[in-house]
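Take a look at the structure below.
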Amino acid sequence: MWVQEQIESYRRRKTALEWLDAHCWIGAGPPGSLRPVTSLGQTLQLLTRYGIRGAVVAHALARDCDPATGNRLLLEAIADQESLWGAAVLTPDDADERGLRKRLKSLIAGKVRMVRIFPRSHNWSLSEWGFGPWLDALEDLQLPLAVWHTETTWNAVAAVCQSLPLLPVIVEGPNRKLLYHNRTYYRLFERFPNLHLEIHNLVGYLGLDDMVRRFSSDRLIFGTYFPHQDPNVPMMLVTHGELSETDQANVAGGNMMRLMTNVVQSDR
C-alpha cells in the first residue's frame, strides 16, 4: 500500500509540472541505450508517456559522425514539430569567421535554441585561439552553449564564463556523475552567474536541494539524456526533494524556456 501511495504521489507531482527536456537525442545512437528508439515518432510517443511536453533535441549523427549532416537532419526533423527545438553540434571549421553570424542565424531560423560542442571527441580546443570567434558570436546572439564535462576541463569552462559573462554556459554530465566534481562547480557557481548545470546526472542525495538553497534555482536545467537514460531519475530529483513549487517549475522547464526566449531571432 505504501509503495502504491508513493507511485501515485510521484505521478501527481510530475503531471503538475511543465517539463522541458534540454538534453534529448534522436537518430542512431551508440550501443547500450536504455531502449532502442529508431524513429522521431517513437521519441515523441515516449516523451509524452513520461510527461515531457517539450524537448531540445540533437541528432546523434552530428555527435558521432558528421556535424554538418547531423545538423541538417535535425532541422528537417523538427521543422514541423511544435514541441521540439534543436541543439546543433558545432566545430570550429563549420564556417569561416566572416560567415559565423550568418551560419548561426540560419540555425536559429531553423528552430535551434542551443549549441553543443565536443572538443575532446572532435579534436579541438575550447580556447580563445581555438573557438574564440564562435564564442563571441554565440554571446552576441544569446545562444546557450552546452558541453559535457567529460569533453573539456573545468578550467576551460571557467575561462569561457569569465571572458564571456553574457553567454549562458550549460555543463552536462553524461558518462560520469557530476557529483564527483561538486567542490569545483560550487566554486564556479559562486563566481560566474552565467554558468548552468543540467541535472540528469546530478544525483547526490539532496544535492539539487542544497544547490538551490545556496545559489537559487535559476541556473539548474532539466535534462534527461533520453533515450540513453530513464527520465524518471531527474524528474524525481525535482518532484521529491525539498524544493518550493516555484523552484520546481524553474528547474523543470522555466529556466530553459527563459534561455530559449532570450535567443536573438532578428537582426539588430
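Residue names in the C-alpha cells use chain letters A, B, ... in the order shown, residue numbers from 1 in each chain, and ligand numbers from 1 in the order shown.
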
### Message
Give me, as a PyMOL selection string, all polymer residues having an atom no more than 12 Å from segment 5-8 of chain A, counting only C-alpha atoms and skipping those fewer than 6 positions away in the same chain.
### Response
chain A and resi 14-15+232+236+239-240

Give me, as an mmCIF file with C-alpha atoms, in the first residue's frame, all polymer residues having an atom no more than 6 Å from segment 218-228 of chain A, counting only C-alpha atoms and skipping those fewer than 4 positions away in the same chain.
```
data_model
loop_
_atom_site.group_PDB
_atom_site.id
_atom_site.type_symbol
_atom_site.label_atom_id
_atom_site.label_comp_id
_atom_site.auth_asym_id
_atom_site.auth_seq_id
_atom_site.Cartn_x
_atom_site.Cartn_y
_atom_site.Cartn_z
ATOM 1 C CA ASP A 21 13.888 18.370 -21.658
ATOM 2 C CA ALA A 22 17.055 20.230 -22.642
ATOM 3 C CA HIS A 23 19.107 17.114 -23.376
ATOM 4 C CA CYS A 24 17.405 14.668 -25.710
ATOM 5 C CA SER A 33 20.994 2.734 -24.899
ATOM 6 C CA LEU A 34 18.247 2.149 -22.376
ATOM 7 C CA HIS A 196 24.320 26.458 -15.546
ATOM 8 C CA LEU A 197 24.203 22.741 -14.766
ATOM 9 C CA GLU A 198 21.996 20.173 -16.478
ATOM 10 C CA ILE A 199 20.696 17.797 -13.803
ATOM 11 C CA HIS A 200 20.258 14.300 -15.289
ATOM 12 C CA VAL A 251 14.110 23.638 -12.887
ATOM 13 C CA ALA A 252 11.511 21.533 -14.729
#
```

### Task
Give me every alpha helix (DSSP H) residue in segment 41-208 of chain A, going by DSSP on the backbone, as a PyMOL selection string.
chain A and resi 41-50+60-64+67-78+100-109+128-141+154-163+182-191+207-208

### Task
May I ask which of the residues A:Gln162, A:Thr246, A:Ser216, A:Ser127 is the closest one to Phe192 of chain A, counting only C-alpha atoms?
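That would be A:Gln162, the residue with the smallest distance to Phe192 of chain A.
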
### Message
Applying 6 Å and only C-alpha atoms, which residues near Gly173 of chain A remain after dropping the ones on its own chain fewer than 6 positions away? List them as a PyMOL selection string.
### Response
chain A and resi 148-149+201

Once you have the residues from the selection above, write them out as a PDB file, in the first residue's frame, restricted to all heavy atoms.
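part-v2.pdb, freshly written:
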```
ATOM      1  N   TRP A 148      29.563  18.695 -22.433  1.00  0.00           N
ATOM      2  CA  TRP A 148      29.706  17.648 -21.427  1.00  0.00           C
ATOM      3  C   TRP A 148      30.984  17.905 -20.639  1.00  0.00           C
ATOM      4  O   TRP A 148      32.021  18.268 -21.208  1.00  0.00           O
ATOM      5  CB  TRP A 148      29.798  16.278 -22.082  1.00  0.00           C
ATOM      6  CG  TRP A 148      28.602  15.850 -22.855  1.00  0.00           C
ATOM      7  CD1 TRP A 148      27.465  16.565 -23.095  1.00  0.00           C
ATOM      8  CD2 TRP A 148      28.432  14.586 -23.523  1.00  0.00           C
ATOM      9  NE1 TRP A 148      26.588  15.835 -23.853  1.00  0.00           N
ATOM     10  CE2 TRP A 148      27.153  14.614 -24.138  1.00  0.00           C
ATOM     11  CE3 TRP A 148      29.228  13.452 -23.649  1.00  0.00           C
ATOM     12  CZ2 TRP A 148      26.671  13.525 -24.866  1.00  0.00           C
ATOM     13  CZ3 TRP A 148      28.746  12.376 -24.377  1.00  0.00           C
ATOM     14  CH2 TRP A 148      27.477  12.407 -24.970  1.00  0.00           C
ATOM     15  N   HIS A 149      30.943  17.666 -19.324  1.00  0.00           N
ATOM     16  CA  HIS A 149      32.148  17.909 -18.525  1.00  0.00           C
ATOM     17  C   HIS A 149      33.265  16.922 -18.861  1.00  0.00           C
ATOM     18  O   HIS A 149      34.437  17.193 -18.591  1.00  0.00           O
ATOM     19  CB  HIS A 149      31.827  17.864 -17.032  1.00  0.00           C
ATOM     20  CG  HIS A 149      31.547  16.521 -16.482  1.00  0.00           C
ATOM     21  ND1 HIS A 149      30.515  15.735 -16.921  1.00  0.00           N
ATOM     22  CD2 HIS A 149      32.163  15.806 -15.505  1.00  0.00           C
ATOM     23  CE1 HIS A 149      30.503  14.590 -16.240  1.00  0.00           C
ATOM     24  NE2 HIS A 149      31.494  14.613 -15.381  1.00  0.00           N
ATOM     25  N   ASN A 201      22.494  13.853 -14.415  1.00  0.00           N
ATOM     26  CA  ASN A 201      23.491  13.060 -13.695  1.00  0.00           C
ATOM     27  C   ASN A 201      23.987  13.779 -12.447  1.00  0.00           C
ATOM     28  O   ASN A 201      25.086  13.522 -11.960  1.00  0.00           O
ATOM     29  CB  ASN A 201      24.671  12.725 -14.613  1.00  0.00           C
ATOM     30  CG  ASN A 201      25.144  11.293 -14.444  1.00  0.00           C
ATOM     31  OD1 ASN A 201      24.679  10.570 -13.567  1.00  0.00           O
ATOM     32  ND2 ASN A 201      26.076  10.862 -15.279  1.00  0.00           N
TER      33      ASN A 201
END
```

### Query
What gap, in Å, lies between atom CA of Trp19 of chain A and atom CA of Ser217 of chain A?
15.0 Å

### Message
Counting only C-alpha atoms, which residue out of A:Asp64, A:Glu76, A:Glu18, A:Glu242 sits closest to Ile52 of chain A?
### Response
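Of the candidates, the smallest distance to Ile52 of chain A is held by A:Glu18.
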
### Test item, strand (DSSP E) assignment across segment 44-261 of chain A, answer as a PyMOL selection string
chain A and resi 52-59+84-90+112-117+145-148+169-172+195-198+220-221

Take the residues from that selection and put them in a file with N, CA, C and O atoms, as a compact mmCIF listing (two decimals), in the first residue's frame.
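part.txt written:
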```txt
# COMPACT_ATOMS: atom_id res chain seq x y z
N ILE A 52 6.78 14.54 -20.57
CA ILE A 52 7.64 15.62 -21.04
C ILE A 52 6.98 16.26 -22.25
O ILE A 52 6.78 15.63 -23.29
N ARG A 53 6.63 17.54 -22.12
CA ARG A 53 5.80 18.20 -23.13
C ARG A 53 6.60 18.93 -24.20
O ARG A 53 6.05 19.35 -25.22
N GLY A 54 7.89 19.13 -23.98
CA GLY A 54 8.74 19.77 -24.98
C GLY A 54 10.16 19.33 -24.78
O GLY A 54 10.55 18.90 -23.69
N ALA A 55 10.98 19.43 -25.84
CA ALA A 55 12.37 18.97 -25.74
C ALA A 55 13.25 19.73 -26.70
O ALA A 55 12.83 20.13 -27.79
N VAL A 56 14.49 19.92 -26.28
CA VAL A 56 15.55 20.42 -27.15
C VAL A 56 16.36 19.20 -27.55
O VAL A 56 16.99 18.56 -26.71
N VAL A 57 16.33 18.87 -28.84
CA VAL A 57 16.92 17.61 -29.29
C VAL A 57 18.13 17.87 -30.18
O VAL A 57 18.23 18.90 -30.86
N ALA A 58 19.05 16.92 -30.15
CA ALA A 58 20.20 16.92 -31.04
C ALA A 58 20.20 15.61 -31.81
O ALA A 58 19.59 14.64 -31.39
N HIS A 59 20.92 15.59 -32.92
CA HIS A 59 20.98 14.38 -33.74
C HIS A 59 22.30 13.66 -33.46
O HIS A 59 23.38 14.24 -33.54
N LEU A 84 9.24 20.59 -30.29
CA LEU A 84 10.68 20.33 -30.37
C LEU A 84 11.45 21.54 -30.86
O LEU A 84 11.01 22.27 -31.75
N TRP A 85 12.63 21.75 -30.26
CA TRP A 85 13.61 22.72 -30.71
C TRP A 85 14.94 21.99 -30.91
O TRP A 85 15.08 20.84 -30.51
N GLY A 86 15.91 22.67 -31.51
CA GLY A 86 17.14 21.99 -31.87
C GLY A 86 18.34 22.41 -31.04
O GLY A 86 18.44 23.55 -30.57
N ALA A 87 19.26 21.46 -30.88
CA ALA A 87 20.60 21.72 -30.34
C ALA A 87 21.59 21.29 -31.41
O ALA A 87 21.80 20.10 -31.64
N ALA A 88 22.19 22.27 -32.09
CA ALA A 88 23.13 21.96 -33.16
C ALA A 88 24.50 21.66 -32.57
O ALA A 88 24.90 22.24 -31.55
N VAL A 89 25.22 20.75 -33.19
CA VAL A 89 26.59 20.44 -32.79
C VAL A 89 27.54 21.24 -33.67
O VAL A 89 27.45 21.21 -34.90
N LEU A 90 28.45 22.00 -33.04
CA LEU A 90 29.37 22.87 -33.78
C LEU A 90 30.81 22.40 -33.63
O LEU A 90 31.20 21.82 -32.61
N VAL A 112 16.84 26.17 -33.91
CA VAL A 112 17.92 25.83 -32.99
C VAL A 112 17.93 26.85 -31.85
O VAL A 112 17.89 28.06 -32.10
N ARG A 113 17.98 26.36 -30.63
CA ARG A 113 17.98 27.23 -29.45
C ARG A 113 19.14 26.92 -28.49
O ARG A 113 19.18 27.42 -27.38
N MET A 114 20.07 26.09 -28.95
CA MET A 114 21.24 25.74 -28.16
C MET A 114 22.28 25.16 -29.10
O MET A 114 21.94 24.57 -30.13
N VAL A 115 23.55 25.35 -28.78
CA VAL A 115 24.60 24.62 -29.50
C VAL A 115 25.34 23.75 -28.49
O VAL A 115 25.48 24.09 -27.32
N ARG A 116 25.79 22.60 -28.99
CA ARG A 116 26.52 21.66 -28.13
C ARG A 116 27.85 21.36 -28.80
O ARG A 116 27.92 21.22 -30.03
N ILE A 117 28.91 21.28 -28.01
CA ILE A 117 30.25 21.07 -28.55
C ILE A 117 30.90 19.86 -27.89
O ILE A 117 30.60 19.50 -26.75
N LEU A 145 25.43 27.74 -24.84
CA LEU A 145 26.48 26.80 -25.20
C LEU A 145 26.49 25.66 -24.19
O LEU A 145 26.67 25.89 -22.99
N ALA A 146 26.29 24.43 -24.65
CA ALA A 146 26.29 23.26 -23.79
C ALA A 146 27.51 22.40 -24.09
O ALA A 146 27.89 22.22 -25.25
N VAL A 147 28.11 21.85 -23.03
CA VAL A 147 29.27 20.98 -23.19
C VAL A 147 29.26 19.94 -22.08
O VAL A 147 28.94 20.24 -20.93
N TRP A 148 29.56 18.70 -22.43
CA TRP A 148 29.71 17.65 -21.43
C TRP A 148 30.98 17.90 -20.64
O TRP A 148 32.02 18.27 -21.21
N VAL A 169 26.30 29.32 -20.32
CA VAL A 169 27.09 28.10 -20.47
C VAL A 169 26.43 27.00 -19.65
O VAL A 169 26.18 27.18 -18.44
N ILE A 170 26.14 25.87 -20.28
CA ILE A 170 25.47 24.75 -19.62
C ILE A 170 26.41 23.56 -19.61
O ILE A 170 26.80 23.06 -20.68
N VAL A 171 26.79 23.10 -18.43
CA VAL A 171 27.62 21.90 -18.31
C VAL A 171 26.72 20.70 -18.07
O VAL A 171 25.85 20.73 -17.20
N GLU A 172 26.95 19.65 -18.86
CA GLU A 172 26.13 18.44 -18.80
C GLU A 172 26.98 17.25 -18.35
O GLU A 172 28.20 17.27 -18.51
N LEU A 195 26.96 30.48 -15.49
CA LEU A 195 27.14 29.04 -15.51
C LEU A 195 25.86 28.33 -15.08
O LEU A 195 25.21 28.72 -14.11
N HIS A 196 25.49 27.29 -15.84
CA HIS A 196 24.32 26.46 -15.55
C HIS A 196 24.74 24.99 -15.51
O HIS A 196 25.71 24.60 -16.15
N LEU A 197 23.98 24.18 -14.78
CA LEU A 197 24.20 22.74 -14.77
C LEU A 197 22.94 22.02 -15.21
O LEU A 197 21.84 22.38 -14.77
N GLU A 198 23.09 21.06 -16.09
CA GLU A 198 22.00 20.17 -16.48
C GLU A 198 21.97 19.00 -15.50
O GLU A 198 23.02 18.46 -15.14
N LEU A 220 19.75 25.87 -12.86
CA LEU A 220 19.67 24.42 -12.96
C LEU A 220 18.71 24.06 -14.09
O LEU A 220 17.58 24.55 -14.14
N ILE A 221 19.16 23.23 -15.00
CA ILE A 221 18.45 22.94 -16.24
C ILE A 221 18.04 21.47 -16.24
O ILE A 221 18.87 20.57 -16.07
```

#### Entry: Selection: 9 Å around Ala249 of chain A, only C-alpha atoms, excl. self and same-chain fewer than 4 positions, as number ranges by chain
A: 17-19, 238, 244-245, 253-255

### Message
Quick one: residues within 8 Å of Pro119 of chain A, only C-alpha atoms, excluding same-chain residues fewer than 3 positions away - as a PyMOL selection string?
### Response
chain A and resi 91+122-126+151-152

Residue selection dump (C-alpha atoms) as a PDB file, in the first residue's frame:
```pdb
ATOM      1  CA  THR A  91      33.054  22.558 -34.608  1.00  0.00           C
ATOM      2  CA  HIS A 122      36.205  16.155 -32.215  1.00  0.00           C
ATOM      3  CA  ASN A 123      39.856  17.070 -31.505  1.00  0.00           C
ATOM      4  CA  TRP A 124      39.886  20.816 -30.995  1.00  0.00           C
ATOM      5  CA  SER A 125      40.470  23.265 -28.158  1.00  0.00           C
ATOM      6  CA  LEU A 126      37.842  25.189 -26.210  1.00  0.00           C
ATOM      7  CA  GLU A 151      34.605  16.755 -23.160  1.00  0.00           C
ATOM      8  CA  THR A 152      36.628  19.616 -21.686  1.00  0.00           C
TER       9      THR A 152
END
```

### Message
List the spatial neighbours of Gly207 of chain A as a PyMOL selection string - criterion: any atom at most 12 Å away, only C-alpha atoms, same-chain residues fewer than 4 positions off excluded.
### Response
chain A and resi 178-183+186+199+201-203+211-214+220+234+237-238+241-243

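Of the residues listed (A:Phe118, A:Trp25, A:Tyr205, A:Phe215), A:Phe215 shows the shortest atom-to-atom separation from Phe189 of chain A; distances use only C-alpha atoms.
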
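Note that the spacing between atom CA of Ser39 of chain A and atom CA of Arg258 of chain A amounts to 28.8 Å.
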